[in-house]
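Engineer: Here's a structure for you.
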Amino acid sequence: MGEIMSKAIKKSPWVVHFNCNSCNGCDIEFLACLTPTYDVERFGVLHVGNPKHADVLVVTGSVNNRNKHVLKNVYDQMPEPKVVVAMGACPATGGIFADCYNVIGGVNAVIPVDVHVPGCPPKPEAMMDGIIEAVGILEKKRNGETVPPPVLPVKTVKGPEAPPMTPEMAAKIAAAKAAAAAKAAAAKAEAEKANENQEARAE
């Protein structure tokens, strides 16, 4: 069945967009590509909502432990041959979210990537260049050619290590937690007293 579908869709490339975990900056710029100002459809590219009909997967946002399974599922539903475009810094390396506790990195941690479009967010012109490059790679794959993996155009930059916890810092944190707990307890007691007064007036 998969072979029949692959032969049946030899047409203009269809693109499906999947947002992993982004700030929506890249998503807004990608939508701009569909407007009359840029009109990416003039290159024969059509945006669709079903991965089963798509040739190109455009991914925005970083990959985390919760959405990695969904991303893999979307990728697996696409018929062969298919091309993946990592749109922006987040799907390339994790971007500004790379150090978050639940982020595992870029898209290539889950599925193979064919095109990287750098930027935070990339301009619509850069996105269109990436999609056009993806269309060229798709044609090569359709012809049975081997396509080498792309060279990542950006590098991951780690910030400085956090300073070690000192007794003074620990004492300040403990005092802040105690003050917050006392404030919360006082607010709860005040709310309970207000409820009691309201019930007493109701009686």
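Each chain in the structure tokens gets a letter, A, B, ..., in the order shown, and its residues are numbered from 1; ligands are numbered from 1 in order too.
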Write out, as CSV, each residue of stretch 21-94 of chain A that has an atom at most 12 Å from stretch 108-118 of chain A, together with the closest pair of atoms and their distance in Å to one decimal, counting only C-alpha atoms, rows going by chain and rising number.

Structural biologist:
```
residue,atom,partner,partner_atom,distance
A:Cys26,CA,A:Val117,CA,10.6
A:Phe30,CA,A:Val117,CA,11.7
A:Val56,CA,A:Asp114,CA,9.9
A:Leu57,CA,A:Val113,CA,9.5
A:Val58,CA,A:Val115,CA,9.4
A:Val59,CA,A:Val113,CA,9.7
A:Thr60,CA,A:Val117,CA,10.2
A:Ser62,CA,A:Ala109,CA,10.2
A:Val63,CA,A:Ala109,CA,8.0
A:Asn64,CA,A:Ala109,CA,9.9
A:Asn65,CA,A:Val110,CA,10.5
A:Asn67,CA,A:Val110,CA,10.2
A:Lys68,CA,A:Val110,CA,6.6
A:His69,CA,A:Val110,CA,8.4
A:Val70,CA,A:Val110,CA,10.3
A:Leu71,CA,A:Val110,CA,7.8
A:Lys72,CA,A:Val110,CA,6.6
A:Asn73,CA,A:Ile111,CA,10.1
A:Val74,CA,A:Ile111,CA,10.3
A:Tyr75,CA,A:Ile111,CA,7.5
A:Asp76,CA,A:Ile111,CA,9.4
A:Pro81,CA,A:Asp114,CA,11.8
A:Lys82,CA,A:Asp114,CA,9.3
A:Val83,CA,A:Asp114,CA,6.0
A:Val84,CA,A:Val113,CA,5.1
A:Val85,CA,A:Val115,CA,4.7
A:Ala86,CA,A:His116,CA,4.9
A:Met87,CA,A:Val117,CA,5.0
A:Gly88,CA,A:Pro118,CA,4.8
A:Ala89,CA,A:Pro118,CA,5.5
A:Cys90,CA,A:Pro118,CA,9.0
A:Pro91,CA,A:Asn108,CA,8.0
A:Ala92,CA,A:His116,CA,6.7
A:Thr93,CA,A:Asn108,CA,8.7
A:Gly94,CA,A:Ala109,CA,10.1
```

Engineer: Got time to write the residues from that selection, N, CA and C atoms, as a short mmCIF file (atom, residue, chain, number, x, y, z; two decimals), in the first residue's frame?

Structural biologist:
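Generated output (selection11.cif):
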```cif
data_model
loop_
_atom_site.label_atom_id
_atom_site.label_comp_id
_atom_site.auth_asym_id
_atom_site.auth_seq_id
_atom_site.Cartn_x
_atom_site.Cartn_y
_atom_site.Cartn_z
N CYS A 26 8.46 31.47 14.88
CA CYS A 26 8.69 30.80 13.59
C CYS A 26 7.37 30.47 12.90
N PHE A 30 6.27 31.56 9.24
CA PHE A 30 5.91 30.54 8.25
C PHE A 30 4.56 30.84 7.62
N VAL A 56 6.69 16.98 2.53
CA VAL A 56 7.67 17.74 3.29
C VAL A 56 7.09 18.05 4.67
N LEU A 57 7.87 17.77 5.70
CA LEU A 57 7.48 18.07 7.08
C LEU A 57 8.31 19.25 7.57
N VAL A 58 7.63 20.36 7.87
CA VAL A 58 8.28 21.55 8.43
C VAL A 58 8.06 21.54 9.93
N VAL A 59 9.14 21.53 10.70
CA VAL A 59 9.05 21.46 12.16
C VAL A 59 9.56 22.76 12.77
N THR A 60 8.80 23.32 13.69
CA THR A 60 9.24 24.47 14.47
C THR A 60 9.23 24.09 15.95
N SER A 62 11.44 23.34 19.81
CA SER A 62 12.35 22.32 20.33
C SER A 62 11.57 21.07 20.70
N VAL A 63 12.28 19.96 20.78
CA VAL A 63 11.65 18.68 21.07
C VAL A 63 11.80 18.36 22.56
N ASN A 64 10.70 17.99 23.20
CA ASN A 64 10.77 17.61 24.61
C ASN A 64 10.25 16.20 24.81
N ASN A 65 10.27 15.76 26.04
CA ASN A 65 9.91 14.37 26.34
C ASN A 65 8.44 14.06 26.07
N ASN A 67 6.45 15.70 23.53
CA ASN A 67 6.02 15.80 22.13
C ASN A 67 6.86 14.95 21.18
N LYS A 68 7.92 14.31 21.68
CA LYS A 68 8.76 13.53 20.77
C LYS A 68 8.01 12.36 20.14
N HIS A 69 7.09 11.76 20.90
CA HIS A 69 6.33 10.63 20.37
C HIS A 69 5.33 11.10 19.30
N VAL A 70 4.76 12.29 19.51
CA VAL A 70 3.83 12.83 18.52
C VAL A 70 4.57 13.17 17.23
N LEU A 71 5.76 13.78 17.37
CA LEU A 71 6.57 14.10 16.20
C LEU A 71 6.92 12.85 15.41
N LYS A 72 7.33 11.80 16.10
CA LYS A 72 7.67 10.54 15.43
C LYS A 72 6.44 9.95 14.74
N ASN A 73 5.29 10.07 15.37
CA ASN A 73 4.05 9.54 14.79
C ASN A 73 3.68 10.29 13.52
N VAL A 74 3.82 11.63 13.54
CA VAL A 74 3.54 12.43 12.35
C VAL A 74 4.48 12.04 11.22
N TYR A 75 5.76 11.89 11.55
CA TYR A 75 6.76 11.51 10.54
C TYR A 75 6.46 10.14 9.95
N ASP A 76 6.08 9.19 10.78
CA ASP A 76 5.82 7.82 10.31
C ASP A 76 4.59 7.75 9.41
N PRO A 81 8.93 8.95 -0.77
CA PRO A 81 10.01 9.61 -0.02
C PRO A 81 9.49 10.87 0.67
N LYS A 82 10.18 11.28 1.71
CA LYS A 82 9.76 12.46 2.46
C LYS A 82 10.98 13.25 2.89
N VAL A 83 10.76 14.53 3.16
CA VAL A 83 11.84 15.44 3.53
C VAL A 83 11.43 16.19 4.79
N VAL A 84 12.39 16.38 5.69
CA VAL A 84 12.13 17.10 6.95
C VAL A 84 12.93 18.40 6.95
N VAL A 85 12.25 19.50 7.25
CA VAL A 85 12.88 20.81 7.34
C VAL A 85 12.79 21.29 8.79
N ALA A 86 13.94 21.53 9.41
CA ALA A 86 13.99 22.10 10.77
C ALA A 86 14.03 23.61 10.63
N MET A 87 12.93 24.27 10.97
CA MET A 87 12.76 25.68 10.71
C MET A 87 13.08 26.51 11.94
N GLY A 88 14.30 27.04 12.01
CA GLY A 88 14.69 27.88 13.12
C GLY A 88 15.73 27.23 14.02
N ALA A 89 16.17 27.99 15.03
CA ALA A 89 17.21 27.51 15.93
C ALA A 89 16.72 26.41 16.86
N CYS A 90 15.45 26.50 17.28
CA CYS A 90 14.93 25.52 18.24
C CYS A 90 14.91 24.09 17.69
N PRO A 91 14.38 23.85 16.49
CA PRO A 91 14.42 22.48 15.98
C PRO A 91 15.80 22.02 15.55
N ALA A 92 16.75 22.96 15.49
CA ALA A 92 18.13 22.58 15.14
C ALA A 92 18.90 22.08 16.36
N THR A 93 18.82 22.84 17.46
CA THR A 93 19.62 22.51 18.64
C THR A 93 18.84 22.54 19.95
N GLY A 94 17.60 22.97 19.91
CA GLY A 94 16.84 23.22 21.13
C GLY A 94 16.68 24.70 21.38
#
```

Engineer: Set the distance at 6 Å and use only C-alpha atoms: which residues neighbour stretch 45-55 of chain A once local chain neighbours fewer than 6 positions away are removed? I'd like the list as number ranges by chain.

Structural biologist: A: 13-16, 77-78, 82

Engineer: Write out the residues from the selection above, keeping C-alpha atoms, as a CSV table (one decimal), in the first residue's frame.

Structural biologist:
```
chain,number,residue,atom,x,y,z
A,13,PRO,CA,5.1,18.9,-3.1
A,14,TRP,CA,2.7,19.2,-0.3
A,15,VAL,CA,3.9,20.5,3.1
A,16,VAL,CA,2.7,19.8,6.6
A,77,GLN,CA,2.4,8.7,8.7
A,78,MET,CA,4.1,10.4,5.8
A,82,LYS,CA,9.8,12.5,2.5
```

Engineer: What does the distance between atom CA of A:Cys33 and atom CA of A:Met128 come to in Å, to one decimal place?

Structural biologist: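 That distance, rounded to one decimal, is 7.0 Å.
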
Engineer: Would you give me, as a list in words, the residues in stretch 4-195 of chain A that DSSP reads as strand (DSSP E)?

Structural biologist: Trp14, Val15, Val16, His17, Phe18, Asn19, Leu46, His47, Val48, Val56, Leu57, Val58, Val59, Thr60, Val63, Asn64, Val83, Val84, Val85, Ala86, Met87, Val103, Ile104, Gly105, Val115, His116 and Val117 of chain A

Engineer: Could you tell me, as a ChimeraX atom specification, which residues of stretch 28-186 of chain A DSSP assigns to alpha helix (DSSP H) when given the backbone?

Structural biologist: /A:28-32,68-77,89-93,124-142,167-186
